[in-house]
>>> print(open('query_26.txt').read())   # compact mmCIF, C-alpha atoms
# COMPACT_ATOMS: atom_id res chain seq x y z
CA MET A 1 -14.25 -20.17 -25.54
CA ASN A 2 -17.17 -18.75 -27.57
CA ALA A 3 -17.08 -15.35 -29.31
CA ARG A 4 -19.11 -13.64 -26.61
CA ARG A 5 -16.85 -14.99 -23.85
CA GLY A 6 -13.77 -14.01 -25.85
CA ALA A 7 -15.02 -10.45 -26.29
CA LEU A 8 -15.81 -10.26 -22.60
CA CYS A 9 -12.30 -11.41 -21.72
CA LEU A 10 -10.84 -8.75 -24.02
CA VAL A 11 -12.78 -6.06 -22.17
CA LEU A 12 -11.67 -7.46 -18.85
CA ILE A 13 -8.04 -7.58 -19.95
CA LEU A 14 -8.14 -3.94 -21.00
CA GLY A 15 -9.84 -3.01 -17.74
CA MET A 16 -7.56 -5.20 -15.60
CA SER A 17 -10.59 -6.92 -14.17
CA ALA A 18 -10.32 -10.14 -12.20
CA GLY A 19 -12.73 -11.98 -14.50
CA CYS A 20 -10.29 -13.92 -16.71
CA ALA A 21 -7.19 -15.69 -15.46
CA PHE A 22 -4.67 -17.55 -17.60
CA LYS A 23 -1.84 -19.76 -16.41
CA SER A 24 1.46 -19.48 -18.22
CA SER A 25 2.06 -22.35 -20.62
CA ASP A 26 5.79 -21.82 -20.01
CA MET A 27 5.48 -23.17 -16.46
CA ARG A 28 4.45 -26.71 -15.47
CA LYS A 29 2.52 -28.04 -12.52
CA VAL A 30 4.65 -29.78 -9.93
CA ASP A 31 3.74 -33.42 -9.39
CA PRO A 32 2.19 -33.74 -5.89
CA ALA A 33 4.76 -36.44 -5.15
CA ARG A 34 7.48 -33.82 -5.58
CA ALA A 35 5.65 -30.98 -3.83
CA ALA A 36 8.01 -31.39 -0.88
CA THR A 37 10.40 -29.11 -2.79
CA SER A 38 8.37 -26.27 -1.28
CA ALA A 39 9.78 -27.17 2.16
CA ALA A 40 13.31 -26.24 3.16
CA THR A 41 15.84 -28.93 3.91
CA GLY A 42 19.47 -28.91 5.00
CA ASP A 43 21.29 -25.59 4.79
CA LYS A 44 19.19 -24.13 1.94
CA ALA A 45 16.35 -21.63 2.31
CA VAL A 46 13.10 -21.72 0.31
CA VAL A 47 11.00 -18.69 -0.65
CA VAL A 48 7.47 -19.43 -1.88
CA PHE A 49 5.99 -16.71 -4.09
CA MET A 50 2.17 -16.98 -4.07
CA ARG A 51 -0.33 -15.16 -6.28
CA PRO A 52 -3.85 -15.92 -5.02
CA SER A 53 -5.52 -12.77 -6.40
CA ARG A 54 -7.38 -12.96 -9.72
CA LEU A 55 -6.96 -9.21 -10.35
CA GLY A 56 -5.14 -8.72 -13.65
CA GLY A 57 -5.40 -12.47 -14.18
CA ALA A 58 -4.71 -12.22 -17.91
CA ILE A 59 -1.28 -10.71 -17.19
CA GLN A 60 1.69 -12.76 -16.05
CA SER A 61 4.11 -11.65 -13.33
CA SER A 62 7.74 -12.75 -13.46
CA VAL A 63 9.90 -12.88 -10.33
CA PHE A 64 13.71 -12.64 -10.26
CA ASP A 65 16.46 -12.92 -7.68
CA VAL A 66 18.51 -9.81 -8.44
CA THR A 67 20.97 -10.21 -5.57
CA GLN A 68 24.37 -9.38 -7.00
CA PRO A 69 27.23 -11.43 -5.58
CA ALA A 70 30.44 -11.47 -7.62
CA ASN A 71 30.11 -13.02 -11.10
CA GLN A 72 26.39 -13.76 -10.75
CA THR A 73 23.62 -12.55 -13.05
CA ASP A 74 19.95 -12.16 -12.16
CA LYS A 75 18.06 -15.45 -11.77
CA LEU A 76 14.54 -16.19 -12.96
CA VAL A 77 12.56 -17.46 -9.97
CA GLY A 78 9.53 -18.15 -12.14
CA ILE A 79 6.50 -16.82 -13.97
CA VAL A 80 3.76 -16.54 -11.35
CA SER A 81 0.26 -16.66 -12.83
CA SER A 82 -2.95 -15.97 -10.94
CA GLY A 83 -3.75 -18.95 -8.72
CA THR A 84 -0.20 -20.34 -8.70
CA LYS A 85 2.92 -20.30 -6.55
CA VAL A 86 6.62 -20.94 -7.15
CA ALA A 87 9.06 -22.37 -4.59
CA TYR A 88 12.59 -20.96 -4.95
CA VAL A 89 15.47 -22.83 -3.32
CA THR A 90 18.44 -20.58 -2.57
CA GLU A 91 21.34 -19.82 -0.28
CA PRO A 92 20.67 -18.21 3.11
CA GLY A 93 21.63 -14.58 3.66
CA GLU A 94 20.64 -11.22 2.21
CA HIS A 95 18.61 -11.18 -1.03
CA LEU A 96 16.92 -8.64 -3.28
CA PHE A 97 13.93 -9.92 -5.27
CA MET A 98 12.20 -8.20 -8.19
CA VAL A 99 8.74 -8.69 -9.73
CA VAL A 100 8.04 -7.48 -13.27
CA GLY A 101 4.74 -6.60 -14.96
CA GLU A 102 3.98 -3.18 -16.42
CA ASN A 103 6.43 -1.99 -13.77
CA ALA A 104 9.15 -3.53 -11.64
CA ASP A 105 9.13 -3.58 -7.84
CA PHE A 106 11.48 -4.98 -5.23
CA MET A 107 11.65 -6.68 -1.85
CA THR A 108 14.59 -7.33 0.45
CA ALA A 109 14.89 -10.59 2.37
CA THR A 110 17.12 -12.04 5.07
CA LEU A 111 16.93 -15.83 4.87
CA ALA A 112 18.07 -18.59 7.23
CA GLY A 113 19.03 -22.08 6.11
CA GLY A 114 16.48 -24.80 6.75
CA LYS A 115 13.59 -22.29 6.76
CA THR A 116 10.71 -21.69 4.34
CA TYR A 117 9.48 -18.14 3.71
CA TYR A 118 6.35 -16.85 1.97
CA VAL A 119 5.70 -13.82 -0.22
CA LEU A 120 2.53 -12.51 -1.89
CA VAL A 121 2.75 -11.38 -5.52
CA SER A 122 0.13 -8.61 -5.35
CA PRO A 123 -1.40 -7.08 -8.52
CA ARG A 124 -2.94 -3.65 -8.87
CA MET A 125 -4.30 -1.55 -11.72
CA GLY A 126 -1.76 -0.13 -14.19
CA TRP A 127 -2.07 2.14 -17.24
CA TRP A 128 -2.05 -0.67 -19.82
CA LYS A 129 -1.69 -3.88 -17.84
CA ALA A 130 -1.31 -5.05 -14.26
CA ARG A 131 1.41 -3.75 -11.98
CA PHE A 132 2.80 -5.96 -9.22
CA SER A 133 4.43 -5.66 -5.81
CA LEU A 134 6.01 -8.22 -3.48
CA GLU A 135 4.52 -8.35 0.01
CA PRO A 136 6.32 -10.37 2.70
CA VAL A 137 4.21 -12.72 4.78
CA HIS A 138 5.33 -12.18 8.35
CA GLU A 139 5.55 -14.71 11.16
CA ALA A 140 2.30 -13.59 12.80
CA GLU A 141 0.34 -14.30 9.59
CA LEU A 142 1.50 -17.88 9.07
CA GLY A 143 -1.24 -19.39 11.22
CA SER A 144 -4.08 -17.35 9.75
CA SER A 145 -6.95 -18.59 7.61
CA GLU A 146 -5.88 -16.13 4.91
CA PHE A 147 -2.44 -17.74 4.75
CA LYS A 148 -3.99 -21.18 4.35
CA GLU A 149 -5.96 -19.86 1.38
CA TRP A 150 -2.91 -18.15 -0.14
CA ASN A 151 -0.80 -21.28 0.21
CA GLY A 152 -3.53 -23.35 -1.43
CA THR A 153 -2.48 -22.02 -4.84
CA GLU A 154 -1.09 -24.48 -7.40
CA LEU A 155 2.66 -25.16 -7.23
CA VAL A 156 4.40 -24.71 -10.58
CA GLU A 157 8.02 -24.75 -11.72
CA ASN A 158 10.23 -23.44 -14.51
CA THR A 159 10.71 -25.21 -17.81
CA ALA A 160 13.02 -24.73 -20.78
CA ALA A 161 10.27 -22.50 -22.22
CA SER A 162 10.22 -20.12 -19.23
CA THR A 163 14.01 -19.90 -19.28
CA ALA A 164 13.91 -19.14 -23.01
CA TRP A 165 11.24 -16.48 -22.42
CA ALA A 166 13.49 -14.74 -19.88
CA LYS A 167 16.43 -14.77 -22.31
CA GLU A 168 14.32 -13.41 -25.16
CA ASN A 169 13.00 -10.57 -22.99
CA TRP A 170 16.19 -9.92 -21.02
CA GLU A 171 16.81 -6.44 -22.43
CA SER A 172 13.31 -5.24 -21.53
CA ILE A 173 13.53 -6.84 -18.08
CA GLN A 174 16.86 -5.15 -17.39
CA ASP A 175 15.56 -1.77 -18.62
CA LYS A 176 12.67 -1.99 -16.12
CA LYS A 177 15.07 -3.05 -13.38
CA VAL A 178 17.29 0.00 -13.96
CA ASP A 179 14.34 2.41 -14.19
CA TYR A 180 12.47 1.18 -11.12
CA LEU A 181 15.55 0.68 -8.96
CA GLN A 182 15.75 4.46 -8.92
CA THR A 183 12.24 4.57 -7.43
CA TRP A 184 13.13 1.83 -4.96
CA ASN A 185 16.35 3.55 -3.89
CA GLY A 186 14.41 6.80 -3.43
CA LYS A 187 12.07 5.27 -0.85
CA THR A 188 12.53 6.11 2.81
CA PRO A 189 13.86 3.42 5.18
CA ALA A 190 10.35 3.11 6.63
CA GLU A 191 8.82 2.58 3.18
CA ARG A 192 11.39 -0.06 2.29
CA ALA A 193 10.87 -1.80 5.62
CA GLU A 194 7.30 -2.58 4.54
CA GLN A 195 8.81 -4.74 1.78
CA ASN A 196 11.38 -6.54 3.92
CA LEU A 197 11.13 -10.27 4.61
CA LEU A 198 12.66 -10.85 8.05
CA VAL A 199 14.82 -13.80 9.04
CA THR A 200 12.27 -14.57 11.78
CA ASP A 201 9.46 -14.91 9.21
CA GLY A 202 10.62 -18.40 8.20
CA ARG A 203 9.26 -21.65 9.53
>>> encode(input="query_26.txt", output="structure tokens")
Amino acid sequence: MNARRGALCLVLILGMSAGCAFKSSDMRKVDPARAATSAATGDKAVVVFMRPSRLGGAIQSSVFDVTQPANQTDKLVGIVSSGTKVAYVTEPGEHLFMVVGENADFMTATLAGGKTYYVLVSPRMGWWKARFSLEPVHEAELGSSEFKEWNGTELVENTAASTAWAKENWESIQDKKVDYLQTWNGKTPAERAEQNLLVTDGR
């Protein structure tokens, strides 16, 4: 990258423009031969978190499963860069997912075994860097041309480096979780329903 391009990217980062997008070096591309991990099998459910938008592309978004069964801590789903997606294999049932950027935001999900579900990681302008929300992709959208484009993002997976990043930043992540859970819990049932992945949304 030349000096002029670097300066331009700096301006775009500060302005949260879509002009520069960087993929996290802590995640690795999934070999196409193993891409079938994005499809549910057996009694497990799969949730695919897709980030097609280039808005705030210089800022990474991290997704966590913050469902709290007994003796279980939050799980890193993955770091979702612009133009990538992460397939998360999990148990069926009720889940609460969190995305972290400048803020934290949440989405509820009811998952069935043997089904694959899809979620958009959606950026928007923040004060200093991008903020993110999780938007469920509902059953009626799965056959759309937009969905085909969203799902065309590059499949990536966690590495030892992404796991280490989560551990190193755990205190900050948990602070955002606590702060923004208050906002989430203060939403009306109708507002929360907009961020609810339904059991019927799987395929």
>>> atom_distance(input="query_26.txt", atom1="CA of Gln60 in chain A", atom2="CA of Ser82 in chain A")
7.6 Å
>>> axis_aligned_box(input="query_26.txt", around="range 82-97 of chain A", padding_each_side="8 Å", output="lines of an AutoDock Vina configuration file")
center_x = 8.9
center_y = -15.7
center_z = -3.6
size_x = 41.4
size_y = 30.2
size_z = 30.6
>>> atom_distance(input="query_26.txt", atom1="CA of Asn158 in chain A", atom2="CA of Phe64 in chain A")
12.1 Å
>>> atom_distance(input="query_26.txt", atom1="CA of Tyr117 in chain A", atom2="CA of Ala161 in chain A")
26.3 Å
>>> residues_around(input="query_26.txt", residues="Asn169 in chain A", least_positions_apart="6", cutoff="12 Å", atoms="only C-alpha atoms", output="ChimeraX atom specification")
/A:62,76,100,162-163,175-176
>>> closest_residue(input="query_26.txt", among="A:Gly78, A:Gly186, A:Pro52, A:Gly202", to="Leu142 in chain A", atoms="only C-alpha atoms")
A:Gly202
>>> closest_residue(input="query_26.txt", among="A:Val66, A:Ile79, A:Val89, A:Val199", to="Glu139 in chain A", atoms="all atoms listed in the file")
A:Val199
>>> residues_near_point(input="query_26.txt", point="(13.4, -24.4, 2.9)", cutoff="12 Å", atoms="all atoms listed in the file", output="ChimeraX atom specification")
/A:36-48,87-92,111-118,202-203
>>> residues_near_point(input="query_26.txt", point="(3.7, -6.4, -12.8)", cutoff="7 Å", atoms="only C-alpha atoms", output="ChimeraX atom specification")
/A:61,99-104,123,130-132
